[in-house]
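Trainee: Right, I'll just put the structure down here and ask away after.
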Amino acid sequence: MAAIGGHGRFVKKYYLIIVLFPAVAASGHQLRLPLQYDRYLPWSARSLGMGSAAVAGGGASALFGQPDRTGGLERWEAGVSSAALSAGRSHVSIESEASRAAPSAAAAAFRLGGHVLAFGCRRAVDVRISFPDVYAPLLSDHAALELDQAVLGWAYSTAGNASIGFSLGASRAGFDWRGPDRAYAAGEASGFGFSAGLTIPVTGEIKLSLAAAAKSELKGTADFLPDPAAGDLELSGAVPSRTAAAVEYRPETGLILVAEAAMSGWNTVTQGYEGRIDLHLGAEVQIIEALALRLGGFTMTSPLDEYERRLDATLRDGYFLTAGLGLSCKGFYLDLGGASSRPLSGGGQSQNRLAVSAGFGR
């Protein structure tokens with residue numbers, strides 16, 4: 001690819017990207033983070049095994065999905081998770097390599113009377129992507145993208161097993177963009193987010209849960225590396241909002257069934273995206289006192305608009321099957337969870353997910 005000799009050609013390249021590559025849209029001195037809808041690492045192996053339902057996450061790690069569920073803690077708990085995703089595609093112009101993080105999440109919580117305080121951090125995204133170079137389409141540009149989050153939460157539970165919880169999180173995204181023969185841009189953006197959860201017992205066997213997370217706007221700067229004198233780029237992005245309603249049913253001891261509907265606000269993040277609603281179904285069966293089997297399924301509806309999706313069969317909606325195991329003994333737990341869309345999605349969304357979580361509590 002011909003070298004970009006000055007700021008004028010750089011701006012021109014960005015205007016081309018607006019048309020050809022809206023996921024990394026930029027204009028003038030602005031650069032949009034290409035946060036992808038299918039690249040978020042699982043934060044809980046238990047949740048992943050039960051249809052990736054946030055309401056299925058328990059203990060301290062519930063802080064990342066349903067913050068009120070940390071209220072069921074007895075005294076204290078600490079845990080850590082690692083996760084991996086297979087390679088895939090989230091846009092007609094973006095290919096993603098396999099990604100993994102070890103650890104992908106860590107959280108701790110402790111009870112003070114009826115209150116529970118929790119804190120944790122997670123690597124939500126850790127991926128390397130490639131896309132055609134604007135001036136030489138047969139060559140590829142590459143970018144490394146990271147998204148880290150730190151969360152602090154509070155929960156309160158009543159004697160009737162109702163619970164309420166809130167969390168405040170800080171996010172930091174790192175972006176490093178390189179072309180065939182040089183580095184183009186590198187920088188960071190940060191922002192804050194807020195989430196809340198509520199669980200209400202309907203009967204002795206049924207609980208209703210609600211959760212909401214506000215959109216987190218990320219702002220920062222990136223250096224324009226070919227020409228440092230041209231000044232910094234404005235780097236921006238957003239973690240989408242999420243609203244969910246779930247039902248948990250415990251018909252008998254040792255059996256848990258969950259159903260969750262979650263709406264993600266991708267349409268408020270960038271152009272060419274739509275809001276989406278996904279379904280999560282999961283079950284946990286206690287085989288013996290120390291061993292639990294988990295099964296489930298969930299949808300991953302593509303937020304790309306119809307025009308984008310019809311250009312590539314791999315951008316169709318994904319339908320995942322999930323499974324997991326949980327081992328527990330004397331306060332220690334080890335969870336394994338996996339998900340795959342390959343059996344049900346045909347030539348569409350094809351992805352494998354894996355997570356392992358371990359922890360200890362009293």
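Naming scheme: A, B, ... for chains in displayed order of the structure tokens; residues 1 onward per chain; ligands 1 onward as shown.
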Residues near Glu252 (chain A), anyone? I mean within 12 Å using only C-alpha atoms, not counting same-chain ones fewer than 4 positions away, as a compact mmCIF listing (two decimals) with N, CA and C atoms, in the first residue's frame.
Mentor:
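Final output, around_26.txt:
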```
# COMPACT_ATOMS: atom_id res chain seq x y z
N GLY A 204 -43.40 -19.80 46.21
CA GLY A 204 -42.26 -20.48 46.81
C GLY A 204 -41.31 -21.07 45.78
N GLU A 205 -41.81 -21.33 44.57
CA GLU A 205 -40.99 -21.95 43.53
C GLU A 205 -40.58 -20.99 42.42
N ILE A 206 -41.23 -19.85 42.31
CA ILE A 206 -41.02 -18.97 41.16
C ILE A 206 -40.50 -17.61 41.61
N ILE A 256 -33.41 -26.50 38.69
CA ILE A 256 -33.62 -25.07 38.45
C ILE A 256 -33.85 -24.87 36.96
N LEU A 257 -34.90 -24.14 36.61
CA LEU A 257 -35.18 -23.78 35.22
C LEU A 257 -35.20 -22.25 35.13
N GLU A 284 -30.58 -26.52 35.37
CA GLU A 284 -29.54 -27.13 36.20
C GLU A 284 -30.16 -28.27 36.98
N VAL A 285 -29.51 -29.43 36.90
CA VAL A 285 -29.97 -30.62 37.62
C VAL A 285 -28.86 -31.07 38.55
N GLN A 286 -29.18 -31.22 39.83
CA GLN A 286 -28.21 -31.68 40.80
C GLN A 286 -28.16 -33.20 40.73
```
Trainee: Sorted by chain and rising residue number, list the residues of region 292-336 of chain A at most 9 Å from region 47-69 of chain A (counting only C-alpha atoms), each with its closest atom pair and distance in Å to one decimal, as CSV.
Mentor:
```
residue,atom,partner,partner_atom,distance
A:Leu293,CA,A:Gly49,CA,8.7
A:Arg294,CA,A:Gly49,CA,5.6
A:Leu295,CA,A:Met50,CA,5.4
A:Gly296,CA,A:Gly51,CA,4.2
A:Gly297,CA,A:Gly51,CA,4.3
A:Phe298,CA,A:Gly51,CA,5.3
A:Thr299,CA,A:Gly51,CA,8.9
A:Phe320,CA,A:Gly51,CA,8.0
A:Leu321,CA,A:Gly51,CA,7.3
A:Thr322,CA,A:Gly49,CA,5.2
A:Ala323,CA,A:Gly49,CA,4.5
A:Gly324,CA,A:Gly49,CA,4.3
A:Leu325,CA,A:Gly49,CA,7.5
A:Asp335,CA,A:Gly49,CA,8.8
A:Leu336,CA,A:Gly49,CA,7.4
```
Trainee: Keeping C-alpha atoms, export the residues of the selection given above as a CSV table (one decimal), in the first residue's frame.
Mentor:
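Contents of again_29.csv, freshly written:
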```
chain,number,residue,atom,x,y,z
A,293,LEU,CA,-25.4,-30.8,35.1
A,294,ARG,CA,-26.4,-27.7,33.1
A,295,LEU,CA,-28.0,-27.5,29.7
A,296,GLY,CA,-29.5,-24.6,27.7
A,297,GLY,CA,-29.7,-22.6,24.6
A,298,PHE,CA,-29.8,-19.0,23.5
A,299,THR,CA,-30.1,-16.8,20.4
A,320,PHE,CA,-26.5,-21.7,20.4
A,321,LEU,CA,-26.7,-24.9,22.4
A,322,THR,CA,-25.0,-24.9,25.8
A,323,ALA,CA,-23.8,-27.4,28.4
A,324,GLY,CA,-21.9,-27.3,31.6
A,325,LEU,CA,-20.8,-29.0,34.8
A,335,ASP,CA,-17.7,-24.7,36.9
A,336,LEU,CA,-17.2,-25.6,33.2
```
Trainee: Can you tell me, as a PyMOL selection string, which residues in region 99-281 of chain A count as strand (DSSP E) by DSSP?
Mentor: chain A and resi 99-112+115-132+140-157+163-178+183-201+206-213+216-224+232-239+242-252+255-264+276-281
Trainee: Please save C-alpha atoms of the selected residues as a compact mmCIF listing (two decimals), in the first residue's frame.
Mentor:
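For reference, selection17.txt as written:
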```txt
# COMPACT_ATOMS: atom_id res chain seq x y z
CA SER A 99 -9.74 -14.67 21.32
CA ARG A 100 -9.15 -15.68 24.91
CA ALA A 101 -8.44 -14.20 28.30
CA ALA A 102 -7.01 -15.88 31.38
CA PRO A 103 -8.36 -14.60 33.64
CA SER A 104 -11.37 -13.06 31.93
CA ALA A 105 -13.09 -12.04 35.18
CA ALA A 106 -12.43 -11.91 38.91
CA ALA A 107 -14.84 -10.88 41.65
CA ALA A 108 -15.21 -10.90 45.43
CA ALA A 109 -18.15 -10.15 47.72
CA PHE A 110 -18.78 -10.06 51.45
CA ARG A 111 -21.85 -9.64 53.65
CA LEU A 112 -22.36 -6.92 56.26
CA HIS A 115 -26.04 -5.81 52.84
CA VAL A 116 -23.53 -7.29 50.41
CA LEU A 117 -20.64 -5.32 48.94
CA ALA A 118 -18.96 -6.68 45.81
CA PHE A 119 -16.18 -5.62 43.50
CA GLY A 120 -14.64 -7.16 40.42
CA CYS A 121 -12.92 -6.65 37.10
CA ARG A 122 -13.17 -8.37 33.72
CA ARG A 123 -11.62 -8.36 30.29
CA ALA A 124 -14.77 -8.13 28.22
CA VAL A 125 -13.06 -8.02 24.79
CA ASP A 126 -9.58 -9.11 23.74
CA VAL A 127 -9.50 -9.62 19.97
CA ARG A 128 -7.43 -9.05 16.86
CA ILE A 129 -9.41 -8.11 13.76
CA SER A 130 -8.52 -7.70 10.08
CA PHE A 131 -10.21 -5.81 7.25
CA PRO A 132 -9.31 -4.77 3.66
CA SER A 140 -5.30 -6.30 5.02
CA ASP A 141 -5.10 -3.88 7.89
CA HIS A 142 -5.06 -5.30 11.42
CA ALA A 143 -6.23 -3.92 14.74
CA ALA A 144 -5.95 -5.12 18.32
CA LEU A 145 -8.91 -4.20 20.52
CA GLU A 146 -9.25 -4.57 24.29
CA LEU A 147 -12.11 -3.67 26.61
CA ASP A 148 -11.56 -3.86 30.38
CA GLN A 149 -14.15 -3.15 33.04
CA ALA A 150 -13.96 -2.60 36.80
CA VAL A 151 -17.21 -2.81 38.78
CA LEU A 152 -18.29 -1.95 42.32
CA GLY A 153 -21.69 -3.11 43.55
CA TRP A 154 -24.10 -3.21 46.46
CA ALA A 155 -27.01 -5.57 47.11
CA TYR A 156 -29.63 -6.03 49.79
CA SER A 157 -31.82 -9.07 50.40
CA SER A 163 -33.24 -8.68 46.53
CA ILE A 164 -32.15 -5.43 44.96
CA GLY A 165 -28.72 -4.42 43.73
CA PHE A 166 -26.82 -1.64 41.98
CA SER A 167 -23.40 -1.42 40.38
CA LEU A 168 -21.15 1.29 39.02
CA GLY A 169 -18.53 0.36 36.45
CA ALA A 170 -15.59 1.98 34.71
CA SER A 171 -14.57 0.82 31.21
CA ARG A 172 -11.31 1.28 29.34
CA ALA A 173 -10.81 0.40 25.68
CA GLY A 174 -7.42 0.14 24.02
CA PHE A 175 -7.05 0.26 20.21
CA ASP A 176 -3.97 -0.36 18.04
CA TRP A 177 -4.44 -0.10 14.23
CA ARG A 178 -1.69 -1.21 11.83
CA ALA A 183 1.18 1.69 12.28
CA TYR A 184 -1.75 4.09 11.80
CA ALA A 185 -3.19 4.80 15.22
CA ALA A 186 -3.02 3.76 18.86
CA GLY A 187 -4.95 5.10 21.81
CA GLU A 188 -7.36 4.59 24.69
CA ALA A 189 -10.92 5.61 25.57
CA SER A 190 -12.72 5.35 28.89
CA GLY A 191 -16.15 5.89 30.41
CA PHE A 192 -18.58 4.92 33.16
CA GLY A 193 -21.68 2.75 33.28
CA PHE A 194 -24.49 1.92 35.69
CA SER A 195 -26.62 -1.19 36.17
CA ALA A 196 -29.35 -2.39 38.52
CA GLY A 197 -31.19 -5.60 39.29
CA LEU A 198 -34.30 -6.67 41.17
CA THR A 199 -35.60 -10.13 42.11
CA ILE A 200 -39.05 -10.72 43.61
CA PRO A 201 -40.45 -14.10 44.76
CA ILE A 206 -41.02 -18.97 41.16
CA LYS A 207 -38.94 -15.78 41.12
CA LEU A 208 -39.18 -12.85 38.71
CA SER A 209 -36.02 -10.86 37.96
CA LEU A 210 -35.46 -7.56 36.16
CA ALA A 211 -32.13 -6.01 35.18
CA ALA A 212 -31.02 -2.91 33.30
CA ALA A 213 -27.61 -1.54 32.30
CA SER A 216 -21.58 3.42 28.59
CA GLU A 217 -20.04 6.11 26.37
CA LEU A 218 -16.27 5.81 25.89
CA LYS A 219 -14.18 8.88 25.04
CA GLY A 220 -10.47 9.32 24.57
CA THR A 221 -7.71 10.13 22.11
CA ALA A 222 -5.52 8.19 19.69
CA ASP A 223 -2.18 9.21 18.25
CA PHE A 224 -1.99 9.51 14.46
CA ASP A 232 -4.54 13.52 18.16
CA LEU A 233 -7.67 11.78 16.92
CA GLU A 234 -10.83 11.79 18.98
CA LEU A 235 -11.44 8.14 19.90
CA SER A 236 -15.01 7.18 20.84
CA GLY A 237 -17.24 4.14 21.27
CA ALA A 238 -19.98 2.72 23.45
CA VAL A 239 -20.89 -0.39 25.39
CA ARG A 242 -29.09 -3.96 28.12
CA THR A 243 -32.54 -4.60 29.60
CA ALA A 244 -33.65 -8.06 30.70
CA ALA A 245 -36.58 -9.86 32.32
CA ALA A 246 -36.25 -13.42 33.62
CA VAL A 247 -38.20 -16.13 35.40
CA GLU A 248 -36.58 -18.73 37.66
CA TYR A 249 -38.55 -21.87 38.51
CA ARG A 250 -37.53 -24.44 41.16
CA PRO A 251 -40.19 -27.16 40.96
CA GLU A 252 -38.28 -29.45 43.31
CA LEU A 255 -33.79 -28.66 39.73
CA ILE A 256 -33.62 -25.07 38.45
CA LEU A 257 -35.18 -23.78 35.22
CA VAL A 258 -34.55 -20.23 33.91
CA ALA A 259 -35.93 -18.23 31.00
CA GLU A 260 -34.64 -14.76 30.12
CA ALA A 261 -35.42 -12.21 27.41
CA ALA A 262 -32.76 -9.53 26.93
CA MET A 263 -32.79 -6.45 24.71
CA SER A 264 -29.45 -4.94 23.63
CA ARG A 276 -32.13 -6.73 19.22
CA ILE A 277 -33.95 -9.09 21.58
CA ASP A 278 -32.39 -12.44 22.48
CA LEU A 279 -33.83 -15.41 24.37
CA HIS A 280 -31.93 -17.48 26.94
CA LEU A 281 -33.16 -20.82 28.31
```
Trainee: Looking at A:Val92, A:Ser340, A:Gly318, A:Ala162, which one is nearest to Glu306 (chain A), with distances taken over only C-alpha atoms?
Mentor: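 Of A:Val92, A:Ser340, A:Gly318, A:Ala162, the one nearest Glu306 (chain A) is A:Val92, counting only C-alpha atoms.
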Trainee: Between CA of Val202 (chain A) and CA of Glu74 (chain A), measure the distance and give it in Å to one decimal.
Mentor: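 CA of Glu74 (chain A) lies at a distance of 22.3 Å from CA of Val202 (chain A).
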Trainee: If you run DSSP on the backbone here, which positions in region 220-318 of chain A get alpha helix (DSSP H)? Please write them as JSON, numbers by chain.
Mentor: {"A": [306, 307, 308, 309]}
Trainee: Quick one, how far is CA of Asn161 (chain A) from CA of Thr70 (chain A)?
Mentor: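 Taking CA of Asn161 (chain A) and CA of Thr70 (chain A), their separation equals 12.0 Å.
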Trainee: Would you compute the distance between CA of Ala283 (chain A) and CA of Gly326 (chain A)? Give it in Å to one decimal.
Mentor: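 Going from CA of Ala283 (chain A) over to CA of Gly326 (chain A), I get 12.3 Å.
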